[in-house]
>>> print(open('target26.txt').read())   # compact mmCIF, N, CA and C atoms
# COMPACT_ATOMS: atom_id res chain seq x y z
N MET B 1 113.56 35.81 -44.76
CA MET B 1 112.30 36.50 -44.68
C MET B 1 112.31 37.67 -45.66
N ALA B 2 111.33 37.67 -46.53
CA ALA B 2 111.23 38.72 -47.52
C ALA B 2 110.90 40.05 -46.86
N GLY B 3 111.56 41.10 -47.32
CA GLY B 3 111.26 42.43 -46.82
C GLY B 3 111.96 42.79 -45.51
N VAL B 4 112.69 41.87 -44.91
CA VAL B 4 113.40 42.15 -43.67
C VAL B 4 114.89 42.24 -43.99
N LYS B 5 115.48 43.36 -43.62
CA LYS B 5 116.90 43.54 -43.86
C LYS B 5 117.66 43.20 -42.59
N ALA B 6 118.56 42.25 -42.69
CA ALA B 6 119.37 41.86 -41.54
C ALA B 6 120.42 42.93 -41.28
N THR B 7 120.67 43.20 -40.02
CA THR B 7 121.69 44.15 -39.64
C THR B 7 123.03 43.45 -39.69
N LYS B 8 124.00 44.10 -40.29
CA LYS B 8 125.33 43.54 -40.44
C LYS B 8 126.01 43.44 -39.08
N LEU B 9 126.50 42.26 -38.73
CA LEU B 9 127.13 42.04 -37.43
C LEU B 9 128.47 42.78 -37.32
N TYR B 10 129.34 42.58 -38.27
CA TYR B 10 130.66 43.19 -38.23
C TYR B 10 130.69 44.45 -39.08
N SER B 11 130.13 45.51 -38.55
CA SER B 11 130.09 46.79 -39.24
C SER B 11 131.45 47.49 -39.16
N PRO B 12 131.70 48.45 -40.03
CA PRO B 12 132.94 49.22 -39.93
C PRO B 12 133.08 49.90 -38.55
N GLN B 13 131.96 50.36 -38.00
CA GLN B 13 131.98 50.99 -36.67
C GLN B 13 132.46 49.99 -35.62
N LEU B 14 131.93 48.79 -35.66
CA LEU B 14 132.31 47.76 -34.69
C LEU B 14 133.77 47.38 -34.84
N LEU B 15 134.23 47.20 -36.06
CA LEU B 15 135.62 46.84 -36.29
C LEU B 15 136.56 47.96 -35.86
N GLY B 16 136.15 49.20 -36.06
CA GLY B 16 136.94 50.34 -35.60
C GLY B 16 137.07 50.38 -34.09
N LEU B 17 135.98 50.05 -33.40
CA LEU B 17 136.01 50.00 -31.94
C LEU B 17 137.00 48.95 -31.46
N ALA B 18 136.97 47.80 -32.10
CA ALA B 18 137.87 46.71 -31.71
C ALA B 18 139.34 47.15 -31.80
N ALA B 19 139.66 47.97 -32.77
CA ALA B 19 141.04 48.44 -32.94
C ALA B 19 141.46 49.36 -31.80
N GLY B 20 140.50 49.94 -31.08
CA GLY B 20 140.80 50.86 -30.00
C GLY B 20 141.36 50.23 -28.74
N LEU B 21 141.43 48.93 -28.67
CA LEU B 21 141.93 48.26 -27.47
C LEU B 21 143.39 48.60 -27.18
N ALA B 22 144.12 49.02 -28.17
CA ALA B 22 145.52 49.38 -27.97
C ALA B 22 145.67 50.52 -26.96
N ASN B 23 144.61 51.28 -26.74
CA ASN B 23 144.64 52.40 -25.79
C ASN B 23 144.54 51.94 -24.34
N TYR B 24 144.35 50.65 -24.10
CA TYR B 24 144.13 50.13 -22.75
C TYR B 24 145.05 48.93 -22.46
N PRO B 25 146.37 49.17 -22.42
CA PRO B 25 147.29 48.05 -22.19
C PRO B 25 147.15 47.49 -20.77
N LEU B 26 147.36 46.20 -20.65
CA LEU B 26 147.29 45.52 -19.37
C LEU B 26 148.54 45.83 -18.55
N SER B 27 148.34 46.13 -17.28
CA SER B 27 149.44 46.38 -16.36
C SER B 27 149.35 45.39 -15.21
N ASN B 28 150.41 44.67 -14.96
CA ASN B 28 150.42 43.71 -13.86
C ASN B 28 150.52 44.40 -12.51
N ALA B 29 150.75 45.71 -12.50
CA ALA B 29 150.89 46.46 -11.25
C ALA B 29 149.55 47.01 -10.76
N SER B 30 148.47 46.76 -11.46
CA SER B 30 147.17 47.30 -11.08
C SER B 30 146.63 46.63 -9.82
N GLN B 31 145.73 47.33 -9.16
CA GLN B 31 145.19 46.88 -7.88
C GLN B 31 144.31 45.64 -7.97
N PHE B 32 143.40 45.61 -8.94
CA PHE B 32 142.37 44.58 -8.97
C PHE B 32 142.36 43.84 -10.30
N PRO B 33 142.92 42.63 -10.35
CA PRO B 33 142.90 41.85 -11.58
C PRO B 33 141.58 41.09 -11.74
N GLY B 34 141.25 40.79 -12.96
CA GLY B 34 140.07 39.98 -13.25
C GLY B 34 140.29 39.26 -14.57
N GLU B 35 139.55 38.19 -14.75
CA GLU B 35 139.62 37.45 -16.01
C GLU B 35 138.30 36.76 -16.26
N ALA B 36 138.09 36.40 -17.50
CA ALA B 36 136.89 35.66 -17.88
C ALA B 36 137.19 34.89 -19.16
N ARG B 37 136.45 33.80 -19.33
CA ARG B 37 136.56 32.98 -20.54
C ARG B 37 135.15 32.60 -20.96
N SER B 38 134.91 32.65 -22.26
CA SER B 38 133.62 32.24 -22.80
C SER B 38 133.62 30.74 -23.06
N ARG B 39 132.67 30.05 -22.48
CA ARG B 39 132.54 28.60 -22.73
C ARG B 39 132.07 28.34 -24.15
N THR B 40 131.34 29.29 -24.69
CA THR B 40 130.76 29.12 -26.02
C THR B 40 131.81 29.14 -27.12
N CYS B 41 132.71 30.13 -27.06
CA CYS B 41 133.64 30.32 -28.18
C CYS B 41 135.11 30.24 -27.79
N GLY B 42 135.41 30.16 -26.50
CA GLY B 42 136.79 30.07 -26.06
C GLY B 42 137.50 31.41 -25.95
N SER B 43 136.81 32.50 -26.22
CA SER B 43 137.42 33.83 -26.08
C SER B 43 137.78 34.06 -24.62
N SER B 44 138.80 34.91 -24.41
CA SER B 44 139.21 35.18 -23.03
C SER B 44 139.67 36.63 -22.88
N ILE B 45 139.69 37.06 -21.63
CA ILE B 45 140.17 38.40 -21.30
C ILE B 45 140.87 38.36 -19.96
N GLU B 46 141.96 39.10 -19.90
CA GLU B 46 142.61 39.41 -18.63
C GLU B 46 142.52 40.92 -18.52
N LEU B 47 142.14 41.41 -17.34
CA LEU B 47 142.12 42.84 -17.15
C LEU B 47 142.58 43.19 -15.76
N ALA B 48 142.87 44.46 -15.57
CA ALA B 48 143.27 44.97 -14.27
C ALA B 48 142.71 46.38 -14.14
N VAL B 49 142.23 46.67 -12.93
CA VAL B 49 141.59 47.95 -12.66
C VAL B 49 142.29 48.62 -11.49
N ASP B 50 142.51 49.91 -11.62
CA ASP B 50 142.97 50.73 -10.50
C ASP B 50 141.82 51.64 -10.11
N CYS B 51 141.63 51.80 -8.81
CA CYS B 51 140.53 52.64 -8.31
C CYS B 51 141.06 53.82 -7.51
N ARG B 52 140.26 54.87 -7.50
CA ARG B 52 140.54 56.04 -6.68
C ARG B 52 140.16 55.74 -5.24
N GLU B 53 140.46 56.66 -4.34
CA GLU B 53 140.12 56.47 -2.93
C GLU B 53 138.63 56.28 -2.71
N ASP B 54 137.80 56.92 -3.53
CA ASP B 54 136.35 56.80 -3.38
C ASP B 54 135.80 55.50 -3.97
N GLY B 55 136.68 54.66 -4.53
CA GLY B 55 136.27 53.39 -5.09
C GLY B 55 135.93 53.43 -6.57
N SER B 56 135.90 54.61 -7.17
CA SER B 56 135.58 54.69 -8.59
C SER B 56 136.80 54.30 -9.43
N VAL B 57 136.54 53.85 -10.64
CA VAL B 57 137.60 53.38 -11.53
C VAL B 57 138.45 54.56 -11.99
N GLU B 58 139.74 54.39 -11.84
CA GLU B 58 140.69 55.39 -12.33
C GLU B 58 141.28 54.97 -13.67
N ARG B 59 141.60 53.67 -13.80
CA ARG B 59 142.24 53.17 -15.01
C ARG B 59 141.89 51.70 -15.19
N ILE B 60 141.81 51.29 -16.45
CA ILE B 60 141.60 49.88 -16.77
C ILE B 60 142.56 49.51 -17.89
N GLY B 61 143.10 48.31 -17.79
CA GLY B 61 143.95 47.78 -18.85
C GLY B 61 143.52 46.36 -19.12
N MET B 62 143.74 45.90 -20.35
CA MET B 62 143.28 44.56 -20.67
C MET B 62 144.04 43.93 -21.82
N GLN B 63 143.98 42.62 -21.83
CA GLN B 63 144.47 41.82 -22.94
C GLN B 63 143.32 40.93 -23.35
N VAL B 64 142.84 41.11 -24.57
CA VAL B 64 141.64 40.42 -25.03
C VAL B 64 142.00 39.48 -26.17
N THR B 65 141.59 38.23 -26.03
CA THR B 65 141.71 37.24 -27.10
C THR B 65 140.29 36.83 -27.44
N ALA B 66 139.71 37.54 -28.40
CA ALA B 66 138.29 37.33 -28.73
C ALA B 66 138.02 37.80 -30.15
N CYS B 67 136.83 37.46 -30.61
CA CYS B 67 136.36 37.94 -31.90
C CYS B 67 136.15 39.46 -31.83
N ALA B 68 135.79 40.05 -32.95
CA ALA B 68 135.58 41.50 -32.99
C ALA B 68 134.46 41.95 -32.05
N ILE B 69 133.47 41.10 -31.80
CA ILE B 69 132.39 41.46 -30.86
C ILE B 69 132.96 41.60 -29.46
N GLY B 70 133.74 40.64 -29.02
CA GLY B 70 134.36 40.70 -27.70
C GLY B 70 135.33 41.86 -27.57
N GLN B 71 136.09 42.12 -28.63
CA GLN B 71 137.03 43.23 -28.61
C GLN B 71 136.29 44.57 -28.57
N ALA B 72 135.25 44.70 -29.37
CA ALA B 72 134.49 45.95 -29.40
C ALA B 72 133.80 46.19 -28.07
N SER B 73 133.23 45.16 -27.48
CA SER B 73 132.58 45.29 -26.18
C SER B 73 133.57 45.78 -25.14
N ALA B 74 134.78 45.22 -25.16
CA ALA B 74 135.82 45.63 -24.22
C ALA B 74 136.21 47.09 -24.44
N ALA B 75 136.36 47.49 -25.69
CA ALA B 75 136.73 48.88 -25.99
C ALA B 75 135.62 49.85 -25.59
N ILE B 76 134.37 49.46 -25.80
CA ILE B 76 133.23 50.31 -25.44
C ILE B 76 133.20 50.50 -23.93
N MET B 77 133.38 49.44 -23.20
CA MET B 77 133.37 49.56 -21.74
C MET B 77 134.54 50.41 -21.27
N ALA B 78 135.73 50.12 -21.77
CA ALA B 78 136.93 50.83 -21.32
C ALA B 78 136.87 52.33 -21.61
N ALA B 79 136.25 52.71 -22.72
CA ALA B 79 136.20 54.12 -23.11
C ALA B 79 135.39 54.97 -22.14
N ASP B 80 134.49 54.36 -21.39
CA ASP B 80 133.63 55.16 -20.50
C ASP B 80 133.60 54.64 -19.06
N VAL B 81 134.56 53.83 -18.68
CA VAL B 81 134.54 53.24 -17.34
C VAL B 81 135.14 54.16 -16.27
N GLN B 82 136.01 55.06 -16.68
CA GLN B 82 136.67 55.93 -15.70
C GLN B 82 135.62 56.72 -14.91
N GLY B 83 135.76 56.69 -13.59
CA GLY B 83 134.82 57.39 -12.72
C GLY B 83 133.61 56.58 -12.30
N ARG B 84 133.45 55.39 -12.89
CA ARG B 84 132.31 54.53 -12.54
C ARG B 84 132.63 53.73 -11.28
N SER B 85 131.60 53.40 -10.53
CA SER B 85 131.77 52.60 -9.31
C SER B 85 131.62 51.12 -9.64
N ALA B 86 132.03 50.29 -8.68
CA ALA B 86 131.83 48.85 -8.82
C ALA B 86 130.36 48.54 -9.00
N ALA B 87 129.51 49.22 -8.23
CA ALA B 87 128.07 48.99 -8.33
C ALA B 87 127.56 49.32 -9.74
N ASP B 88 128.09 50.39 -10.35
CA ASP B 88 127.69 50.75 -11.73
C ASP B 88 128.01 49.61 -12.70
N ILE B 89 129.20 49.05 -12.57
CA ILE B 89 129.63 47.99 -13.49
C ILE B 89 128.83 46.71 -13.26
N ILE B 90 128.61 46.36 -12.01
CA ILE B 90 127.84 45.15 -11.70
C ILE B 90 126.40 45.29 -12.18
N THR B 91 125.81 46.46 -11.98
CA THR B 91 124.44 46.71 -12.44
C THR B 91 124.37 46.64 -13.97
N LYS B 92 125.33 47.25 -14.64
CA LYS B 92 125.33 47.24 -16.11
C LYS B 92 125.52 45.82 -16.63
N THR B 93 126.33 45.03 -15.96
CA THR B 93 126.54 43.64 -16.36
C THR B 93 125.22 42.87 -16.31
N ARG B 94 124.46 43.07 -15.25
CA ARG B 94 123.14 42.41 -15.14
C ARG B 94 122.19 42.89 -16.24
N GLU B 95 122.20 44.19 -16.53
CA GLU B 95 121.34 44.73 -17.59
C GLU B 95 121.68 44.11 -18.94
N ILE B 96 122.96 43.95 -19.21
CA ILE B 96 123.39 43.36 -20.48
C ILE B 96 122.95 41.89 -20.56
N GLU B 97 123.10 41.17 -19.46
CA GLU B 97 122.65 39.77 -19.43
C GLU B 97 121.15 39.68 -19.67
N GLN B 98 120.38 40.57 -19.08
CA GLN B 98 118.93 40.58 -19.29
C GLN B 98 118.59 40.88 -20.74
N TRP B 99 119.27 41.85 -21.33
CA TRP B 99 119.04 42.20 -22.72
C TRP B 99 119.35 41.01 -23.63
N LEU B 100 120.49 40.36 -23.39
CA LEU B 100 120.87 39.22 -24.22
C LEU B 100 119.90 38.05 -24.09
N SER B 101 119.27 37.93 -22.93
CA SER B 101 118.30 36.84 -22.73
C SER B 101 116.91 37.22 -23.25
N GLY B 102 116.76 38.43 -23.77
CA GLY B 102 115.47 38.87 -24.30
C GLY B 102 114.54 39.43 -23.26
N GLU B 103 115.06 39.69 -22.06
CA GLU B 103 114.22 40.16 -20.96
C GLU B 103 114.45 41.63 -20.62
N GLY B 104 115.20 42.34 -21.43
CA GLY B 104 115.47 43.74 -21.13
C GLY B 104 115.74 44.52 -22.40
N ASN B 105 115.83 45.82 -22.24
CA ASN B 105 116.12 46.72 -23.36
C ASN B 105 117.62 46.82 -23.60
N LEU B 106 117.97 47.37 -24.75
CA LEU B 106 119.36 47.63 -25.07
C LEU B 106 119.93 48.51 -23.95
N PRO B 107 120.99 48.06 -23.29
CA PRO B 107 121.57 48.84 -22.19
C PRO B 107 122.06 50.21 -22.65
N ILE B 108 121.95 51.16 -21.76
CA ILE B 108 122.42 52.52 -22.04
C ILE B 108 123.85 52.64 -21.52
N TRP B 109 124.78 52.81 -22.46
CA TRP B 109 126.20 53.01 -22.18
C TRP B 109 126.76 53.62 -23.46
N PRO B 110 127.55 54.65 -23.39
CA PRO B 110 128.07 55.27 -24.61
C PRO B 110 128.69 54.26 -25.57
N GLY B 111 128.20 54.23 -26.80
CA GLY B 111 128.72 53.36 -27.84
C GLY B 111 128.15 51.96 -27.86
N PHE B 112 127.39 51.58 -26.83
CA PHE B 112 126.91 50.19 -26.75
C PHE B 112 125.98 49.82 -27.91
N ASP B 113 125.32 50.79 -28.49
CA ASP B 113 124.41 50.51 -29.61
C ASP B 113 125.12 49.83 -30.78
N ALA B 114 126.44 49.98 -30.88
CA ALA B 114 127.19 49.30 -31.94
C ALA B 114 127.12 47.78 -31.78
N LEU B 115 126.82 47.32 -30.56
CA LEU B 115 126.74 45.89 -30.30
C LEU B 115 125.34 45.32 -30.51
N ALA B 116 124.37 46.16 -30.80
CA ALA B 116 122.98 45.73 -30.94
C ALA B 116 122.80 44.55 -31.91
N PRO B 117 123.49 44.50 -33.06
CA PRO B 117 123.32 43.35 -33.96
C PRO B 117 123.72 42.01 -33.34
N ALA B 118 124.54 42.02 -32.30
CA ALA B 118 124.98 40.77 -31.67
C ALA B 118 123.85 40.05 -30.96
N LEU B 119 122.77 40.76 -30.66
CA LEU B 119 121.63 40.13 -29.99
C LEU B 119 121.10 38.94 -30.81
N GLU B 120 121.14 39.06 -32.11
CA GLU B 120 120.63 38.01 -33.00
C GLU B 120 121.64 36.88 -33.22
N HIS B 121 122.78 36.93 -32.53
CA HIS B 121 123.84 35.94 -32.71
C HIS B 121 124.26 35.37 -31.35
N PRO B 122 123.48 34.43 -30.82
CA PRO B 122 123.76 33.88 -29.48
C PRO B 122 125.18 33.34 -29.32
N ALA B 123 125.79 32.88 -30.39
CA ALA B 123 127.16 32.36 -30.29
C ALA B 123 128.16 33.46 -29.94
N ARG B 124 127.78 34.72 -30.09
CA ARG B 124 128.66 35.85 -29.78
C ARG B 124 128.38 36.46 -28.40
N HIS B 125 127.33 36.02 -27.74
CA HIS B 125 126.96 36.60 -26.44
C HIS B 125 128.06 36.41 -25.40
N GLY B 126 128.69 35.26 -25.37
CA GLY B 126 129.76 35.00 -24.40
C GLY B 126 130.93 35.97 -24.58
N ALA B 127 131.31 36.21 -25.82
CA ALA B 127 132.41 37.14 -26.09
C ALA B 127 132.03 38.57 -25.70
N LEU B 128 130.80 38.94 -25.97
CA LEU B 128 130.32 40.28 -25.62
C LEU B 128 130.38 40.50 -24.10
N MET B 129 130.08 39.46 -23.33
CA MET B 129 130.01 39.57 -21.87
C MET B 129 131.37 39.52 -21.17
N LEU B 130 132.42 39.09 -21.87
CA LEU B 130 133.72 38.87 -21.23
C LEU B 130 134.18 40.04 -20.36
N VAL B 131 134.27 41.22 -20.95
CA VAL B 131 134.82 42.36 -20.22
C VAL B 131 133.96 42.75 -19.03
N TRP B 132 132.65 42.63 -19.19
CA TRP B 132 131.73 43.01 -18.12
C TRP B 132 131.84 42.06 -16.94
N LYS B 133 131.95 40.77 -17.23
CA LYS B 133 132.10 39.78 -16.16
C LYS B 133 133.45 39.91 -15.47
N ALA B 134 134.51 40.08 -16.24
CA ALA B 134 135.86 40.20 -15.67
C ALA B 134 135.96 41.45 -14.80
N ALA B 135 135.41 42.56 -15.27
CA ALA B 135 135.47 43.80 -14.49
C ALA B 135 134.60 43.68 -13.23
N SER B 136 133.44 43.07 -13.35
CA SER B 136 132.58 42.88 -12.17
C SER B 136 133.30 42.03 -11.13
N ASN B 137 133.96 40.97 -11.58
CA ASN B 137 134.71 40.11 -10.66
C ASN B 137 135.86 40.86 -10.01
N ALA B 138 136.60 41.61 -10.81
CA ALA B 138 137.74 42.37 -10.28
C ALA B 138 137.28 43.38 -9.24
N LEU B 139 136.23 44.12 -9.56
CA LEU B 139 135.77 45.18 -8.66
C LEU B 139 135.05 44.65 -7.44
N SER B 140 134.48 43.47 -7.53
CA SER B 140 133.80 42.92 -6.35
C SER B 140 134.82 42.40 -5.34
N SER B 141 136.07 42.28 -5.74
CA SER B 141 137.12 41.79 -4.83
C SER B 141 137.74 42.92 -4.01
N ARG B 142 137.35 44.16 -4.29
CA ARG B 142 137.98 45.30 -3.59
C ARG B 142 137.37 45.56 -2.25
>>> encode(input="target26.txt", output="structure tokens")
Amino acid sequence: MAGVKATKLYSPQLLGLAAGLANYPLSNASQFPGEARSRTCGSSIELAVDCREDGSVERIGMQVTACAIGQASAAIMAADVQGRSAADIITKTREIEQWLSGEGNLPIWPGFDALAPALEHPARHGALMLVWKAASNALSSR
């Protein structure tokens, strides 16, 4: 389309976020494990969450085997998940699913705007959702 500039999917910002996963190593000693796999691309995640007495997230660790979109999504979530409740994560997961289906606005979460170009790439939606689904599953088991 003439006059329309496509937004670059793998921006330097997004690739930098993906590199941040090293700050969230997976621990098998955590309270609540979770995992997810994308049927679309085969990406996967294993994660574990520890919660405080009030049920809010204290720590998250993960091992991500995904494209840069999946890795960046995981890093974005992990960077701001501390102190969030299970209900917060489950609600945000639904908001992201609605946004990806074209039925909602870009979700509000620190750094999430870096993932906005992925909306135009349905093949990347499964990888983007991995961390949100795995964390929702882990926290719903508590």
>>> residues_around(input="target26.txt", residues="Ala29 (chain B)", least_positions_apart="3", cutoff="12 Å", atoms="only C-alpha atoms", output="compact mmCIF listing (two decimals) with N, CA and C atoms, keeping the file's coordinate frame")
# COMPACT_ATOMS: atom_id res chain seq x y z
N PRO B 25 146.37 49.17 -22.42
CA PRO B 25 147.29 48.05 -22.19
C PRO B 25 147.15 47.49 -20.77
N LEU B 26 147.36 46.20 -20.65
CA LEU B 26 147.29 45.52 -19.37
C LEU B 26 148.54 45.83 -18.55
N PHE B 32 143.40 45.61 -8.94
CA PHE B 32 142.37 44.58 -8.97
C PHE B 32 142.36 43.84 -10.30
N PRO B 33 142.92 42.63 -10.35
CA PRO B 33 142.90 41.85 -11.58
C PRO B 33 141.58 41.09 -11.74
N LEU B 47 142.14 41.41 -17.34
CA LEU B 47 142.12 42.84 -17.15
C LEU B 47 142.58 43.19 -15.76
N ALA B 48 142.87 44.46 -15.57
CA ALA B 48 143.27 44.97 -14.27
C ALA B 48 142.71 46.38 -14.14
N VAL B 49 142.23 46.67 -12.93
CA VAL B 49 141.59 47.95 -12.66
C VAL B 49 142.29 48.62 -11.49
N ASP B 50 142.51 49.91 -11.62
CA ASP B 50 142.97 50.73 -10.50
C ASP B 50 141.82 51.64 -10.11
N ARG B 59 141.60 53.67 -13.80
CA ARG B 59 142.24 53.17 -15.01
C ARG B 59 141.89 51.70 -15.19
N ILE B 60 141.81 51.29 -16.45
CA ILE B 60 141.60 49.88 -16.77
C ILE B 60 142.56 49.51 -17.89
N GLY B 61 143.10 48.31 -17.79
CA GLY B 61 143.95 47.78 -18.85
C GLY B 61 143.52 46.36 -19.12
>>> closest_residue(input="target26.txt", among="B:Asn23, B:Ser56, B:Ser44, B:Ser101", to="Ser85 (chain B)", atoms="only C-alpha atoms")
B:Ser56
>>> select_by_dssp(input="target26.txt", residues="region 1-124 of chain B", states="strand (DSSP E)", output="JSON, numbers by chain")
{"B": [32, 33, 34, 35, 36, 37, 44, 45, 46, 47, 48, 49, 50, 51, 57, 58, 59, 60, 61, 62, 63, 64, 65]}
>>> select_by_dssp(input="target26.txt", residues="chain B", states="alpha helix (DSSP H)", output="PyMOL selection string")
chain B and resi 12-19+68-79+86-100+125-140
>>> atom_distance(input="target26.txt", atom1="atom N of Glu95 (chain B)", atom2="atom C of Met129 (chain B)")
11.3 Å
>>> closest_residue(input="target26.txt", among="B:Ala87, B:Ile76, B:Leu17, B:Leu106", to="Asn137 (chain B)", atoms="only C-alpha atoms")
B:Ala87
>>> residues_near_point(input="target26.txt", point="(132.9, 34.1, -20.8)", cutoff="6 Å", atoms="all atoms listed in the file", output="list in words")
Ala36, Arg37, Ser38, Arg39, Gly126, Ala127, Met129 and Leu130 of chain B
>>> atom_distance(input="target26.txt", atom1="atom C of Val57 (chain B)", atom2="atom N of Leu15 (chain B)")
25.5 Å
>>> atom_distance(input="target26.txt", atom1="atom N of Ser27 (chain B)", atom2="atom N of Met62 (chain B)")
5.5 Å
>>> closest_residue(input="target26.txt", among="B:Ala18, B:Ala86, B:Ala138, B:Ala75", to="Gln31 (chain B)", atoms="only N, CA and C atoms")
B:Ala138
>>> residues_around(input="target26.txt", residues="Ala118 (chain B)", least_positions_apart="3", cutoff="8 Å", atoms="only N, CA and C atoms", output="list in words")
Thr7, Lys8, Leu9, Tyr10, Ile69, Leu100, Asp113, Ala114, Leu115, His121, Pro122, Ala123, Arg124 and His125 of chain B
>>> axis_aligned_box(input="target26.txt", around="region 21-35 of chain B", padding_each_side="6 Å", output="JSON")
{"center_x": 144.6, "center_y": 44.6, "center_z": -18.3, "size_x": 24.6, "size_y": 27.6, "size_z": 32.8}
>>> closest_residue(input="target26.txt", among="B:Ala22, B:Val131, B:Phe112, B:Leu119", to="Ala66 (chain B)", atoms="only C-alpha atoms")
B:Val131
>>> closest_residue(input="target26.txt", among="B:Pro110, B:Pro117, B:Gly16, B:Gly42", to="Asp80 (chain B)", atoms="all atoms listed in the file")
B:Pro110
>>> closest_residue(input="target26.txt", among="B:Gln98, B:Lys92, B:Ile108, B:Arg84", to="Gly55 (chain B)", atoms="all atoms listed in the file")
B:Arg84
>>> residues_near_point(input="target26.txt", point="(132.0, 45.0, -13.3)", cutoff="7 Å", atoms="all atoms listed in the file", output="list in words")
Ala86, Asp88, Ile89, Ile90, Thr91, Thr93, Val131, Trp132, Lys133, Ala134, Ala135, Ser136, Asn137, Ala138, Leu139 and Ser140 of chain B
